[in-house]
Amino acid sequence: MTVIMHEEYSVERDDFANAGTVSSHIKETLRQIGINPKLLRRIAVASYEAEINMIIHAYGGKVTMDVEDNGLIRMVFKDPGPGIPDLEKALTPGWSTASEKARELGFGAGMGLPNIKRVSDEFNIESSPQGTTLTLGFRGTA
Amino acid sequence: MSRKSVVTYTLSRCVKCLKCVKACPVSALSMAHDRIQVNQARCINCGRCIQACHNKGLLAKGSTLEDINSYEYTVCMVPSAMTSVCSTKQEAGEIFYAIKQLGFDEVVDLSPVEGQLMHESHMLAEADENSNGISSQCPVINRLIETQYPMLIDHVIPLNYASEVMAKQIRKKYPDRQIGIFLCCECEAKLALAKYPYGNNEYETDHALALVDILPMIRKYLHQGTAEVHFARSGLQSCNPAVMMQRDDLLIADGFDKVNNILSMEEFGLLDSFHMMYLFPCFNGCIGGHLLWGNSYLSRNNLDELTRGDSRPDSAYPIEELYAEHIASSQDDPRTLKEKMEYFRKVNEQLEKLPGYDCSACGLQTCRIMAEEIVNGNKTIDDCRIHHSMSLGKDGRK
């Protein structure tokens with residue numbers, strides 16, 4: 001296995017004005033490459049949700065995307081905290097800790113992580129007060 | 001389904017300003033050998049290039065009235081968008097009368113079918129719990145999704161255009177006659193929904209007429225008589241976003257940029273709370289079609305008057321008469337991921353060398369397209385005018 005493309009992006013905390021910029025960039029890049037639309041849709045949905053989570057819940061963070069020659073597209077969303085106190089609850093559909101401000105903007109319906117898990121082929125999340133790392137893998141007819 | 005572009009180019013009127021090339025939302029236009037080229041596979045018939053040309057170098061022309069003479073019996077179909085230019089039912093009656101005087105044996109109002117299709121669209125969208133539906137009544141939207149938003153192809157409601165549903169019924173009604181079916185068109189895209197003049201033989205409609213072309217003839221017969229008209233309210237409503245039924249689970253938008261914005265949001269799955277989306281690339285919906293006369297804001301007011309009072313019921317054709325797949329499922333790209341990545345890398349490598357102004361001076365819309373053409377072997381870096389002038393010495397020589 002070799003990584004044939006590596007991209008890095010950063011996400012700022014509470015930067016609602018630019019919410020979706022990173023996932024739009026990821027979507028556009030993969031579209032230009034010519035990734036299959038069905039696979040791309042799943043990646044688009046997951047990356048948007050994960051990016052919004054970093055803006056709303058975390059102190060911003062870094063996003064990396066690797067395309068491997070075996071067809072796997074891996075994305076890592078790594079933030080520096082404050083961590084998810086109860087991961088099990090966070091993975092329950094409808095459960096949300098989003099701030100009032102976020103809810104007013106239409107975010108925070110509590111479907112973020114469950115949705116990401118639903119559309120991704122590999123899903124791993126690790127969280128502590130020092131930060132959360134969400135690793136997603138996608139494969140399919142590229 | 002149709003792949004023909006309705007855009008025709010008049011070389012003598014072209015001043016080579018490249019406005020049309022820049023205006024195209026899908027990069028279908030380019031200039032090569034001092035001529036505008038329309039890429040048939042990309043063109044979505046939105047007409048933005050035609051609007052952008054200040055010199056009428058680009059046009060979309062329909063059939064002419066002379067074609068009526070080729071048939072034994074002729075029927076003209078009138079969409080609600082055309083009815084909307086009439087301020088009263090009385091005036092609409094006069095226009096329908098005038099159209100018949102052009103030489104048609106029958107003039108058919110499409111509003112009952114348009115109304116039925118709107119309701120059936122809702123039903124289909126509501127029945128599908130997994131995803132929301134996008135109305136398929138605008139050929140531009142269908143082509144836009146097919147070429148630019150293939151992720152959303154499954155969302156397009158598989159119902160036929162009102163004109164096609166009607167044309168099939170008309171043909172059934174007169175099985176033994178040599179019948180000619182004409183459609184009055186409010187926009188460029190609908191011109192492509194007929195066999196002629198663009199040769200789209202898969203349609204039941206024979207000829208498409210641009211409304212602006214027949215207007216002078218219609219005026220000649222105005223105020224000379226009136227036809228009885230009885231419109232279906234929901235059909236009239238279906239052609240304008242402001243008078244359409246408003247519901248929390250409906251998303252209605254008009255204007256090309258807004259529609260694009262909505263489609264890219266839906267690619268992220270952000271609009272799942274809506275059952276159904278009505279997207280109109282034209283401002284004010286179909287009543288803002290470029291081939292109509294008058295002002296679409298006035299037409300919108302006319303609709304208030306025309307929808308008042310008694311309404312004709314929607315048509316009630318069985319659902320199997322309405323179905324049509326608008327978009328063939330996307331062709332799988334035969335390249336492997338490795339090959340795709342390699343091509344992407346080469347294009348980016350060329351893109352780095354280009355100025356990135358997207359000035360179109362080379363005849364192509366963007367530097368990325370230029371980079372692709374260099375990789376494809378159709379252009380060289382010296383075809384970039386900026387790159388070329390910068391590589392010249394002070395004396396103008398290399």
# chains A, B, ... in the order shown; residues from 1 in each chain; ligands from 1
>>> residues_around(residues="Asp206 (chain B)", least_positions_apart="2", cutoff="8 Å", atoms="only C-alpha atoms", output="JSON, numbers by chain")
{"B": [180, 181, 182, 194, 195, 196, 203, 204, 208]}
>>> write_last_selection(atoms="N, CA and C atoms", output="PDB file, in the first residue's frame")
ATOM      1  N   GLY B 180     -49.924  16.542 -36.564  1.00  0.00           N
ATOM      2  CA  GLY B 180     -48.734  17.322 -36.214  1.00  0.00           C
ATOM      3  C   GLY B 180     -48.932  17.975 -34.862  1.00  0.00           C
ATOM      4  N   ILE B 181     -48.041  17.677 -33.917  1.00  0.00           N
ATOM      5  CA  ILE B 181     -48.189  18.226 -32.567  1.00  0.00           C
ATOM      6  C   ILE B 181     -47.134  19.300 -32.339  1.00  0.00           C
ATOM      7  N   PHE B 182     -47.595  20.498 -32.006  1.00  0.00           N
ATOM      8  CA  PHE B 182     -46.718  21.655 -31.813  1.00  0.00           C
ATOM      9  C   PHE B 182     -46.712  22.062 -30.349  1.00  0.00           C
ATOM     10  N   ALA B 194     -38.806  18.606 -28.674  1.00  0.00           N
ATOM     11  CA  ALA B 194     -39.610  18.265 -29.850  1.00  0.00           C
ATOM     12  C   ALA B 194     -38.668  17.648 -30.881  1.00  0.00           C
ATOM     13  N   LYS B 195     -39.255  16.942 -31.840  1.00  0.00           N
ATOM     14  CA  LYS B 195     -38.427  16.313 -32.881  1.00  0.00           C
ATOM     15  C   LYS B 195     -37.678  17.366 -33.690  1.00  0.00           C
ATOM     16  N   TYR B 196     -38.407  18.441 -34.056  1.00  0.00           N
ATOM     17  CA  TYR B 196     -37.816  19.473 -34.916  1.00  0.00           C
ATOM     18  C   TYR B 196     -37.758  20.793 -34.173  1.00  0.00           C
ATOM     19  N   TYR B 203     -38.877  12.232 -28.963  1.00  0.00           N
ATOM     20  CA  TYR B 203     -40.064  12.887 -28.394  1.00  0.00           C
ATOM     21  C   TYR B 203     -41.305  12.698 -29.244  1.00  0.00           C
ATOM     22  N   GLU B 204     -42.461  12.768 -28.572  1.00  0.00           N
ATOM     23  CA  GLU B 204     -43.763  12.656 -29.234  1.00  0.00           C
ATOM     24  C   GLU B 204     -44.159  13.976 -29.884  1.00  0.00           C
ATOM     25  N   ALA B 208     -41.398  22.550 -32.087  1.00  0.00           N
ATOM     26  CA  ALA B 208     -41.362  23.510 -30.993  1.00  0.00           C
ATOM     27  C   ALA B 208     -41.355  24.909 -31.593  1.00  0.00           C
TER      28      ALA B 208
END
>>> select_by_dssp(residues="region 12-135 of chain A", states="strand (DSSP E)", output="ChimeraX atom specification")
/A:61-68,73-79,122-128,131-135
>>> write_last_selection(atoms="N, CA and C atoms", output="PDB file, in the first residue's frame")
ATOM      1  N   GLY A  61      -9.215  22.429  14.625  1.00  0.00           N
ATOM      2  CA  GLY A  61      -8.422  21.218  14.455  1.00  0.00           C
ATOM      3  C   GLY A  61      -7.875  21.066  13.054  1.00  0.00           C
ATOM      4  N   LYS A  62      -7.342  19.857  12.794  1.00  0.00           N
ATOM      5  CA  LYS A  62      -6.719  19.580  11.498  1.00  0.00           C
ATOM      6  C   LYS A  62      -7.436  18.420  10.803  1.00  0.00           C
ATOM      7  N   VAL A  63      -7.521  18.531   9.489  1.00  0.00           N
ATOM      8  CA  VAL A  63      -8.119  17.463   8.699  1.00  0.00           C
ATOM      9  C   VAL A  63      -7.071  16.964   7.708  1.00  0.00           C
ATOM     10  N   THR A  64      -6.909  15.661   7.630  1.00  0.00           N
ATOM     11  CA  THR A  64      -6.027  15.130   6.587  1.00  0.00           C
ATOM     12  C   THR A  64      -6.803  14.129   5.730  1.00  0.00           C
ATOM     13  N   MET A  65      -6.452  14.104   4.463  1.00  0.00           N
ATOM     14  CA  MET A  65      -7.066  13.127   3.568  1.00  0.00           C
ATOM     15  C   MET A  65      -5.951  12.398   2.827  1.00  0.00           C
ATOM     16  N   ASP A  66      -5.985  11.082   2.865  1.00  0.00           N
ATOM     17  CA  ASP A  66      -5.018  10.264   2.129  1.00  0.00           C
ATOM     18  C   ASP A  66      -5.756   9.388   1.133  1.00  0.00           C
ATOM     19  N   VAL A  67      -5.250   9.351  -0.074  1.00  0.00           N
ATOM     20  CA  VAL A  67      -5.788   8.399  -1.051  1.00  0.00           C
ATOM     21  C   VAL A  67      -4.722   7.323  -1.228  1.00  0.00           C
ATOM     22  N   GLU A  68      -5.120   6.077  -0.991  1.00  0.00           N
ATOM     23  CA  GLU A  68      -4.156   4.980  -1.109  1.00  0.00           C
ATOM     24  C   GLU A  68      -4.331   4.268  -2.446  1.00  0.00           C
ATOM     25  N   ILE A  73      -9.842   5.594   0.671  1.00  0.00           N
ATOM     26  CA  ILE A  73      -9.719   7.032   0.948  1.00  0.00           C
ATOM     27  C   ILE A  73      -9.886   7.205   2.455  1.00  0.00           C
ATOM     28  N   ARG A  74      -8.822   7.689   3.098  1.00  0.00           N
ATOM     29  CA  ARG A  74      -8.861   7.798   4.566  1.00  0.00           C
ATOM     30  C   ARG A  74      -8.848   9.269   4.966  1.00  0.00           C
ATOM     31  N   MET A  75      -9.727   9.625   5.890  1.00  0.00           N
ATOM     32  CA  MET A  75      -9.731  10.989   6.401  1.00  0.00           C
ATOM     33  C   MET A  75      -9.581  10.965   7.915  1.00  0.00           C
ATOM     34  N   VAL A  76      -8.733  11.849   8.436  1.00  0.00           N
ATOM     35  CA  VAL A  76      -8.540  11.947   9.880  1.00  0.00           C
ATOM     36  C   VAL A  76      -8.885  13.358  10.325  1.00  0.00           C
ATOM     37  N   PHE A  77      -9.787  13.451  11.298  1.00  0.00           N
ATOM     38  CA  PHE A  77     -10.194  14.738  11.868  1.00  0.00           C
ATOM     39  C   PHE A  77      -9.656  14.772  13.296  1.00  0.00           C
ATOM     40  N   LYS A  78      -8.669  15.641  13.519  1.00  0.00           N
ATOM     41  CA  LYS A  78      -7.980  15.635  14.816  1.00  0.00           C
ATOM     42  C   LYS A  78      -8.120  17.009  15.455  1.00  0.00           C
ATOM     43  N   ASP A  79      -8.691  17.040  16.657  1.00  0.00           N
ATOM     44  CA  ASP A  79      -8.830  18.335  17.336  1.00  0.00           C
ATOM     45  C   ASP A  79      -8.121  18.317  18.681  1.00  0.00           C
ATOM     46  N   GLU A 122     -15.084   2.524   7.324  1.00  0.00           N
ATOM     47  CA  GLU A 122     -14.274   2.321   8.529  1.00  0.00           C
ATOM     48  C   GLU A 122     -14.515   3.525   9.414  1.00  0.00           C
ATOM     49  N   PHE A 123     -14.731   3.256  10.702  1.00  0.00           N
ATOM     50  CA  PHE A 123     -15.060   4.343  11.626  1.00  0.00           C
ATOM     51  C   PHE A 123     -14.351   4.080  12.934  1.00  0.00           C
ATOM     52  N   ASN A 124     -13.524   5.004  13.351  1.00  0.00           N
ATOM     53  CA  ASN A 124     -12.856   4.857  14.639  1.00  0.00           C
ATOM     54  C   ASN A 124     -12.787   6.217  15.318  1.00  0.00           C
ATOM     55  N   ILE A 125     -13.153   6.232  16.592  1.00  0.00           N
ATOM     56  CA  ILE A 125     -13.092   7.514  17.297  1.00  0.00           C
ATOM     57  C   ILE A 125     -12.424   7.309  18.655  1.00  0.00           C
ATOM     58  N   GLU A 126     -11.496   8.200  18.963  1.00  0.00           N
ATOM     59  CA  GLU A 126     -10.825   8.162  20.264  1.00  0.00           C
ATOM     60  C   GLU A 126     -10.915   9.549  20.848  1.00  0.00           C
ATOM     61  N   SER A 127     -11.253   9.627  22.138  1.00  0.00           N
ATOM     62  CA  SER A 127     -11.435  10.951  22.721  1.00  0.00           C
ATOM     63  C   SER A 127     -10.939  11.010  24.158  1.00  0.00           C
ATOM     64  N   SER A 128     -10.287  12.120  24.498  1.00  0.00           N
ATOM     65  CA  SER A 128      -9.872  12.407  25.867  1.00  0.00           C
ATOM     66  C   SER A 128      -9.953  13.927  26.002  1.00  0.00           C
ATOM     67  N   GLY A 131      -8.158  15.890  23.449  1.00  0.00           N
ATOM     68  CA  GLY A 131      -8.582  15.967  22.051  1.00  0.00           C
ATOM     69  C   GLY A 131      -9.266  14.717  21.543  1.00  0.00           C
ATOM     70  N   THR A 132      -9.884  14.880  20.374  1.00  0.00           N
ATOM     71  CA  THR A 132     -10.612  13.779  19.750  1.00  0.00           C
ATOM     72  C   THR A 132      -9.995  13.505  18.389  1.00  0.00           C
ATOM     73  N   THR A 133      -9.841  12.232  18.063  1.00  0.00           N
ATOM     74  CA  THR A 133      -9.380  11.864  16.722  1.00  0.00           C
ATOM     75  C   THR A 133     -10.399  10.938  16.090  1.00  0.00           C
ATOM     76  N   LEU A 134     -10.938  11.398  14.975  1.00  0.00           N
ATOM     77  CA  LEU A 134     -11.923  10.608  14.250  1.00  0.00           C
ATOM     78  C   LEU A 134     -11.272  10.139  12.964  1.00  0.00           C
ATOM     79  N   THR A 135     -11.213   8.820  12.777  1.00  0.00           N
ATOM     80  CA  THR A 135     -10.597   8.277  11.563  1.00  0.00           C
ATOM     81  C   THR A 135     -11.664   7.572  10.735  1.00  0.00           C
TER      82      THR A 135
END
>>> interface_residues(of="chain A", to="chain B", cutoff="9 Å", atoms="only C-alpha atoms", output="NGL selection string")
:A and (4-5 or 23-24 or 32-49 or 69-71 or 141-142)
>>> residues_around(residues="Pro241 (chain B)", least_positions_apart="2", cutoff="12 Å", atoms="only C-alpha atoms", output="JSON, numbers by chain")
{"B": [81, 236, 237, 238, 239, 243, 244, 245, 246, 247, 250, 251, 252, 253, 254, 255, 277, 278, 279, 280, 281, 282, 283, 284, 285, 286, 287, 288, 296, 297, 300, 303]}
>>> residues_around(residues="Thr92 (chain A)", least_positions_apart="4", cutoff="10 Å", atoms="only C-alpha atoms", output="ChimeraX atom specification")
/A:87-88,96,110-114
>>> write_last_selection(atoms="N, CA and C atoms", output="PDB file, in the first residue's frame")
ATOM      1  N   LEU A  87     -18.704   9.054  25.012  1.00  0.00           N
ATOM      2  CA  LEU A  87     -18.709   8.665  23.594  1.00  0.00           C
ATOM      3  C   LEU A  87     -19.957   7.878  23.216  1.00  0.00           C
ATOM      4  N   GLU A  88     -20.394   7.010  24.135  1.00  0.00           N
ATOM      5  CA  GLU A  88     -21.543   6.162  23.836  1.00  0.00           C
ATOM      6  C   GLU A  88     -22.779   7.011  23.546  1.00  0.00           C
ATOM      7  N   SER A  96     -27.511  15.609  21.730  1.00  0.00           N
ATOM      8  CA  SER A  96     -26.710  16.750  21.295  1.00  0.00           C
ATOM      9  C   SER A  96     -26.288  17.635  22.458  1.00  0.00           C
ATOM     10  N   GLY A 110     -28.013  16.496  16.635  1.00  0.00           N
ATOM     11  CA  GLY A 110     -27.693  15.237  17.295  1.00  0.00           C
ATOM     12  C   GLY A 110     -27.578  14.052  16.349  1.00  0.00           C
ATOM     13  N   MET A 111     -27.421  14.325  15.085  1.00  0.00           N
ATOM     14  CA  MET A 111     -27.309  13.233  14.112  1.00  0.00           C
ATOM     15  C   MET A 111     -25.901  13.145  13.516  1.00  0.00           C
ATOM     16  N   GLY A 112     -24.993  13.996  13.989  1.00  0.00           N
ATOM     17  CA  GLY A 112     -23.671  14.097  13.401  1.00  0.00           C
ATOM     18  C   GLY A 112     -22.905  12.780  13.364  1.00  0.00           C
ATOM     19  N   LEU A 113     -22.484  12.316  14.537  1.00  0.00           N
ATOM     20  CA  LEU A 113     -21.676  11.092  14.576  1.00  0.00           C
ATOM     21  C   LEU A 113     -22.426   9.863  14.056  1.00  0.00           C
ATOM     22  N   PRO A 114     -23.715   9.673  14.444  1.00  0.00           N
ATOM     23  CA  PRO A 114     -24.432   8.503  13.903  1.00  0.00           C
ATOM     24  C   PRO A 114     -24.471   8.501  12.377  1.00  0.00           C
TER      25      PRO A 114
END
>>> select_by_dssp(residues="region 155-197 of chain B", states="alpha helix (DSSP H)", output="list in words")
Ala162, Ser163, Glu164, Val165, Met166, Ala167, Lys168, Gln169, Ile170, Arg171, Lys172, Lys173, Glu188, Ala189, Lys190 and Leu191 of chain B
>>> residues_around(residues="Asp14 (chain A)", least_positions_apart="5", cutoff="9 Å", atoms="only C-alpha atoms", output="ChimeraX atom specification")
/A:19,54-60,102
>>> atom_distance(atom1="CA of Leu306 (chain B)", atom2="CA of Lys89 (chain B)")
6.0 Å
